[in-house]
$ cat input-v8.pdb   # PDB, C-alpha atoms
MODEL        1
ATOM      1  CA  MET V 163       2.873  28.255  -2.758
ATOM      2  CA  THR V 164      -0.274  26.487  -3.876
ATOM      3  CA  VAL V 165      -1.199  24.947  -0.523
ATOM      4  CA  THR V 166      -3.760  27.187   1.146
ATOM      5  CA  SER V 167      -4.505  25.036   4.208
ATOM      6  CA  VAL V 168      -3.750  21.781   5.983
ATOM      7  CA  ASP V 169      -6.344  20.747   8.551
ATOM      8  CA  LYS V 170      -5.676  17.893  10.974
ATOM      9  CA  ASP V 171      -9.000  16.847  12.544
ATOM     10  CA  VAL V 172      -8.236  14.423  15.369
ATOM     11  CA  ASP V 173     -11.927  13.914  16.233
ATOM     12  CA  HIS V 174     -12.737  12.700  12.694
ATOM     13  CA  LEU V 175      -9.299  11.123  12.033
ATOM     14  CA  THR V 176      -8.813  13.191   8.877
ATOM     15  CA  LEU V 177      -6.063  15.246   7.355
ATOM     16  CA  THR V 178      -7.257  17.613   4.625
ATOM     17  CA  LEU V 179      -4.922  19.546   2.374
ATOM     18  CA  THR V 180      -6.402  22.288   0.186
ATOM     19  CA  ALA V 181      -4.482  23.821  -2.716
ATOM     20  CA  ASP V 182      -5.457  26.401  -5.317
ATOM     21  CA  PHE V 183      -4.052  26.556  -8.838
ATOM     22  CA  THR V 184      -4.489  29.022 -11.698
ATOM     23  CA  ALA V 185      -4.727  26.133 -14.193
ATOM     24  CA  PRO V 186      -8.002  24.547 -15.354
ATOM     25  CA  VAL V 187      -9.331  21.350 -13.736
ATOM     26  CA  GLU V 188      -8.369  19.186 -16.738
ATOM     27  CA  LYS V 189      -4.727  20.284 -16.570
ATOM     28  CA  VAL V 190      -4.495  19.585 -12.822
ATOM     29  CA  TRP V 191      -6.115  16.163 -13.404
ATOM     30  CA  GLN V 192      -3.319  15.307 -15.842
ATOM     31  CA  LEU V 193      -0.789  15.615 -13.009
ATOM     32  CA  TRP V 194      -2.538  12.601 -11.434
ATOM     33  CA  ALA V 195      -3.447  10.735 -14.638
ATOM     34  CA  ASP V 196      -0.017  10.771 -16.314
ATOM     35  CA  PRO V 197       2.517   8.703 -14.323
ATOM     36  CA  ARG V 198       5.483  10.612 -15.803
ATOM     37  CA  LEU V 199       3.981  13.891 -14.548
ATOM     38  CA  LEU V 200       3.032  12.310 -11.210
ATOM     39  CA  GLU V 201       6.673  11.301 -10.742
ATOM     40  CA  ARG V 202       7.671  14.941 -10.967
ATOM     41  CA  TRP V 203       5.658  16.030  -7.922
ATOM     42  CA  TRP V 204       4.620  13.010  -5.793
ATOM     43  CA  GLY V 205       6.915  12.941  -2.775
ATOM     44  CA  PRO V 206       9.104  15.637  -1.280
ATOM     45  CA  PRO V 207      11.672  17.193  -3.645
ATOM     46  CA  SER V 208      14.564  15.247  -2.095
ATOM     47  CA  TYR V 209      12.692  11.909  -2.427
ATOM     48  CA  PRO V 210      11.729  11.598  -6.103
ATOM     49  CA  ALA V 211       9.113   8.996  -7.007
ATOM     50  CA  THR V 212       9.254   6.328  -9.685
ATOM     51  CA  PHE V 213       5.920   4.821 -10.732
ATOM     52  CA  GLU V 214       6.184   1.216 -11.876
ATOM     53  CA  GLU V 215       2.454   0.557 -12.259
ATOM     54  CA  HIS V 216      -0.298   3.140 -12.784
ATOM     55  CA  ASP V 217      -3.815   1.825 -13.395
ATOM     56  CA  LEU V 218      -6.393   4.503 -12.521
ATOM     57  CA  THR V 219      -9.446   2.294 -12.935
ATOM     58  CA  PRO V 220     -11.668   0.968 -10.127
ATOM     59  CA  GLY V 221      -9.824  -2.015  -8.661
ATOM     60  CA  GLY V 222      -6.607  -0.922 -10.385
ATOM     61  CA  GLU V 223      -3.303  -0.572  -8.615
ATOM     62  CA  VAL V 224      -0.595   2.013  -8.550
ATOM     63  CA  ARG V 225       2.874   0.991  -7.371
ATOM     64  CA  TYR V 226       5.790   3.316  -6.816
ATOM     65  CA  TYR V 227       8.868   3.928  -4.756
ATOM     66  CA  MET V 228      10.586   7.060  -3.551
ATOM     67  CA  THR V 229      14.373   7.265  -3.495
ATOM     68  CA  SER V 230      16.110   9.029  -0.612
ATOM     69  CA  PRO V 231      19.163  11.261  -1.120
ATOM     70  CA  GLU V 232      21.221   8.291   0.141
ATOM     71  CA  GLY V 233      19.715   5.973  -2.493
ATOM     72  CA  GLU V 234      17.359   4.060  -0.172
ATOM     73  CA  LYS V 235      14.025   3.072  -1.732
ATOM     74  CA  TYR V 236      10.702   3.408   0.085
ATOM     75  CA  GLY V 237       7.767   1.705  -1.581
ATOM     76  CA  GLY V 238       4.127   2.670  -1.721
ATOM     77  CA  TRP V 239       0.913   1.492  -3.350
ATOM     78  CA  TRP V 240      -2.598   2.687  -4.064
ATOM     79  CA  ARG V 241      -5.651   0.534  -4.612
ATOM     80  CA  ILE V 242      -8.079   2.562  -6.703
ATOM     81  CA  THR V 243     -11.696   2.538  -5.509
ATOM     82  CA  THR V 244     -13.386   5.291  -7.532
ATOM     83  CA  VAL V 245     -12.350   7.395 -10.516
ATOM     84  CA  ALA V 246     -14.384  10.221 -12.084
ATOM     85  CA  PRO V 247     -12.071  12.080 -14.514
ATOM     86  CA  PRO V 248     -11.312  14.935 -14.385
ATOM     87  CA  THR V 249     -12.742  15.737 -10.959
ATOM     88  CA  SER V 250     -12.129  12.965  -8.425
ATOM     89  CA  LEU V 251     -10.064   9.981  -7.441
ATOM     90  CA  GLU V 252     -10.419   7.741  -4.387
ATOM     91  CA  PHE V 253      -7.885   5.171  -3.288
ATOM     92  CA  THR V 254      -6.387   3.295  -0.373
ATOM     93  CA  ASP V 255      -2.798   4.390   0.183
ATOM     94  CA  GLY V 256      -0.218   2.152   1.844
ATOM     95  CA  PHE V 257       3.437   1.245   2.212
ATOM     96  CA  SER V 258       5.255  -1.571   0.415
ATOM     97  CA  ASP V 259       7.982  -3.886   1.626
ATOM     98  CA  SER V 260      11.317  -4.297  -0.183
ATOM     99  CA  GLU V 261       9.662  -6.664  -2.691
ATOM    100  CA  GLY V 262       6.902  -4.187  -3.567
ATOM    101  CA  LYS V 263       4.192  -6.057  -1.663
ATOM    102  CA  PRO V 264       1.846  -4.205   0.739
ATOM    103  CA  ASN V 265       3.411  -3.991   4.197
ATOM    104  CA  PRO V 266       0.725  -5.136   6.685
ATOM    105  CA  GLU V 267       2.717  -3.698   9.601
ATOM    106  CA  MET V 268       2.254  -0.158   8.329
ATOM    107  CA  PRO V 269      -0.991   1.855   8.385
ATOM    108  CA  THR V 270      -3.113   2.568   5.335
ATOM    109  CA  THR V 271      -5.273   5.604   4.673
ATOM    110  CA  ALA V 272      -8.385   6.140   2.589
ATOM    111  CA  VAL V 273      -7.730   9.096   0.280
ATOM    112  CA  ARG V 274     -10.198  11.220  -1.678
ATOM    113  CA  MET V 275      -8.866  13.790  -4.122
ATOM    114  CA  THR V 276     -11.343  16.235  -5.621
ATOM    115  CA  LEU V 277     -10.854  19.008  -8.164
ATOM    116  CA  THR V 278     -13.356  21.850  -8.521
ATOM    117  CA  GLU V 279     -13.393  25.090 -10.462
ATOM    118  CA  HIS V 280     -12.511  27.930  -8.122
ATOM    119  CA  GLY V 281     -11.724  31.583  -8.767
ATOM    120  CA  GLY V 282     -10.949  31.068 -12.443
ATOM    121  CA  GLY V 283      -8.669  28.134 -11.656
ATOM    122  CA  THR V 284      -8.843  24.878  -9.711
ATOM    123  CA  ARG V 285      -9.153  23.965  -6.050
ATOM    124  CA  MET V 286      -7.775  20.578  -5.077
ATOM    125  CA  GLU V 287      -8.821  18.953  -1.843
ATOM    126  CA  LEU V 288      -6.840  15.945  -0.720
ATOM    127  CA  ARG V 289      -8.455  14.233   2.277
ATOM    128  CA  SER V 290      -6.831  11.295   4.076
ATOM    129  CA  VAL V 291      -8.876   9.265   6.561
ATOM    130  CA  PHE V 292      -7.083   7.168   9.181
ATOM    131  CA  ASP V 293      -8.352   4.036  10.935
ATOM    132  CA  THR V 294      -7.096   5.049  14.392
ATOM    133  CA  ARG V 295      -5.605   7.991  16.251
ATOM    134  CA  GLU V 296      -2.412   5.964  16.693
ATOM    135  CA  GLN V 297      -2.054   5.525  12.932
ATOM    136  CA  MET V 298      -2.705   9.225  12.391
ATOM    137  CA  ASP V 299      -0.024  10.128  14.935
ATOM    138  CA  GLN V 300       2.426   7.576  13.507
ATOM    139  CA  LEU V 301       2.179   8.964   9.981
ATOM    140  CA  ALA V 302       2.362  12.555  11.233
ATOM    141  CA  GLU V 303       5.552  11.682  13.133
ATOM    142  CA  MET V 304       6.959  10.138   9.935
ATOM    143  CA  GLY V 305       6.566  13.536   8.227
ATOM    144  CA  MET V 306       3.358  12.982   6.248
ATOM    145  CA  ILE V 307       2.031  16.517   6.737
ATOM    146  CA  GLU V 308       5.191  18.334   5.676
ATOM    147  CA  GLY V 309       5.796  15.770   2.933
ATOM    148  CA  LEU V 310       2.345  16.414   1.445
ATOM    149  CA  ARG V 311       2.842  20.161   1.668
ATOM    150  CA  GLN V 312       6.205  19.916  -0.135
ATOM    151  CA  SER V 313       4.868  17.479  -2.748
ATOM    152  CA  VAL V 314       1.839  19.534  -3.701
ATOM    153  CA  GLY V 315       4.019  22.641  -3.652
ATOM    154  CA  GLN V 316       5.806  21.242  -6.727
ATOM    155  CA  MET V 317       2.639  21.138  -8.853
ATOM    156  CA  ASP V 318       2.632  24.854  -9.771
ATOM    157  CA  ASP V 319       5.869  24.615 -11.765
ATOM    158  CA  LEU V 320       4.520  21.661 -13.752
ATOM    159  CA  LEU V 321       1.253  23.468 -14.487
ATOM    160  CA  ALA V 322       3.137  26.561 -15.668
ATOM    161  CA  GLY V 323       5.390  24.540 -17.997
TER     162      GLY V 323
ENDMDL
END
$ encode --input "input-v8.pdb" --output "structure tokens"
Amino acid sequence: MTVTSVDKDVDHLTLTLTADFTAPVEKVWQLWADPRLLERWWGPPSYPATFEEHDLTPGGEVRYYMTSPEGEKYGGWWRITTVAPPTSLEFTDGFSDSEGKPNPEMPTTAVRMTLTEHGGGTRMELRSVFDTREQMDQLAEMGMIEGLRQSVGQMDDLLAG
């Protein structure tokens, strides 16, 4: 398992996942930069993702949906704020309604993903910042923590292939 820690910091409203890989930074970056590779690990194994839009430029948007085992679709979006290939990506992450539009009734998080060389491989830190404690609790109750752990856990097989 690649995930080495998941730290929920209620005082700072952050959730930080750390994962270590044996692959170089550039190869791990490709798992974010290539939407076909991203589809193979974003989301828990039983909820595969389909990326319909993938623009990793400042101001760009990423739109996707995950499909449940029962065939239900759950939409999501990112609004890209900062990109520094191959080491960092910052975006706002939110939920979409059935038409693919941002759902204002659901919380958003500010996400910063960083890749650094570590122990001959790569360390990825994925930090989500919440607006309120209530939003943090809501997303945790929806399975965000375990979902992230399962998602990132799929990256090793892709890096080995």
$ residues_around --input "input-v8.pdb" --residues "Ala195 of chain V" --least-positions-apart "4" --cutoff "8 Å" --atoms "all atoms listed in the file" --output "MDAnalysis selection string"
chainID V and resid 191 200 218
$ closest_residue --input "input-v8.pdb" --among "V:Gln192, V:Ser290, V:Thr166, V:Thr229" --to "Thr249 of chain V" --atoms "all atoms listed in the file"
V:Gln192
$ residues_around --input "input-v8.pdb" --residues "segment 281-284 of chain V" --least-positions-apart "6" --cutoff "8 Å" --atoms "only C-alpha atoms" --output "PyMOL selection string"
chain V and resi 182-187+190
$ residues_around --input "input-v8.pdb" --residues "Glu201 of chain V" --least-positions-apart "5" --cutoff "8 Å" --atoms "only C-alpha atoms" --output "ChimeraX atom specification"
/V:210-213
$ residues_near_point --input "input-v8.pdb" --point "(-4.0, 21.6, -1.1)" --cutoff "10 Å" --atoms "only C-alpha atoms" --output "ChimeraX atom specification"
/V:163-169,178-183,275,285-289,310-311,313-315
$ closest_residue --input "input-v8.pdb" --among "V:Pro247, V:Pro197, V:Gly233, V:Gly205" --to "Asp217 of chain V" --atoms "all atoms listed in the file"
V:Pro197
$ resolve_selection --input "input-v8.pdb" --expression "the PyMOL selection byres ((chain V and resi 252) around 7)" --output "list in words"
Ile242, Thr243, Thr244, Val245, Ser250, Leu251, Phe253, Val273, Arg274 and Met275 of chain V
$ atom_distance --input "input-v8.pdb" --atom1 "atom CA of Ala272 of chain V" --atom2 "atom CA of Thr219 of chain V"
16.0 Å
$ atom_distance --input "input-v8.pdb" --atom1 "atom CA of Ile307 of chain V" --atom2 "atom CA of Lys263 of chain V"
24.2 Å
$ atom_distance --input "input-v8.pdb" --atom1 "atom CA of Met304 of chain V" --atom2 "atom CA of Asp255 of chain V"
14.9 Å
$ closest_residue --input "input-v8.pdb" --among "V:Arg202, V:Lys235, V:Lys189, V:Lys170" --to "Gln316 of chain V" --atoms "all atoms listed in the file"
V:Arg202
$ closest_residue --input "input-v8.pdb" --among "V:Glu223, V:Asp196, V:Glu234, V:Asp319" --to "Thr254 of chain V" --atoms "all atoms listed in the file"
V:Glu223
$ residues_around --input "input-v8.pdb" --residues "Glu267 of chain V" --least-positions-apart "5" --cutoff "12 Å" --atoms "all atoms listed in the file" --output "PDB file with C-alpha atoms, in the frame of the given file"
ATOM      1  CA  GLY V 256      -0.218   2.152   1.844  1.00  0.00           C
ATOM      2  CA  PHE V 257       3.437   1.245   2.212  1.00  0.00           C
ATOM      3  CA  SER V 258       5.255  -1.571   0.415  1.00  0.00           C
ATOM      4  CA  ASP V 259       7.982  -3.886   1.626  1.00  0.00           C
ATOM      5  CA  GLN V 297      -2.054   5.525  12.932  1.00  0.00           C
ATOM      6  CA  GLN V 300       2.426   7.576  13.507  1.00  0.00           C
TER       7      GLN V 300
END
$ residues_around --input "input-v8.pdb" --residues "Arg225 of chain V" --least-positions-apart "5" --cutoff "7 Å" --atoms "only C-alpha atoms" --output "number ranges by chain"
V: 213-216, 238-240
$ write_last_selection --input "input-v8.pdb" --atoms "C-alpha atoms" --output "PDB file, keeping the file's coordinate frame"
ATOM      1  CA  PHE V 213       5.920   4.821 -10.732  1.00  0.00           C
ATOM      2  CA  GLU V 214       6.184   1.216 -11.876  1.00  0.00           C
ATOM      3  CA  GLU V 215       2.454   0.557 -12.259  1.00  0.00           C
ATOM      4  CA  HIS V 216      -0.298   3.140 -12.784  1.00  0.00           C
ATOM      5  CA  GLY V 238       4.127   2.670  -1.721  1.00  0.00           C
ATOM      6  CA  TRP V 239       0.913   1.492  -3.350  1.00  0.00           C
ATOM      7  CA  TRP V 240      -2.598   2.687  -4.064  1.00  0.00           C
TER       8      TRP V 240
END
$ axis_aligned_box --input "input-v8.pdb" --around "segment 291-294 of chain V" --padding-each-side "4 Å" --output "JSON"
{"center_x": -8.0, "center_y": 6.7, "center_z": 10.5, "size_x": 9.8, "size_y": 13.2, "size_z": 15.8}
$ closest_residue --input "input-v8.pdb" --among "V:Asp293, V:Glu261, V:Met268, V:Thr278" --to "Pro248 of chain V" --atoms "all atoms listed in the file"
V:Thr278
$ closest_residue --input "input-v8.pdb" --among "V:Trp203, V:Leu301, V:Pro264, V:Leu321" --to "Val224 of chain V" --atoms "only C-alpha atoms"
V:Pro264
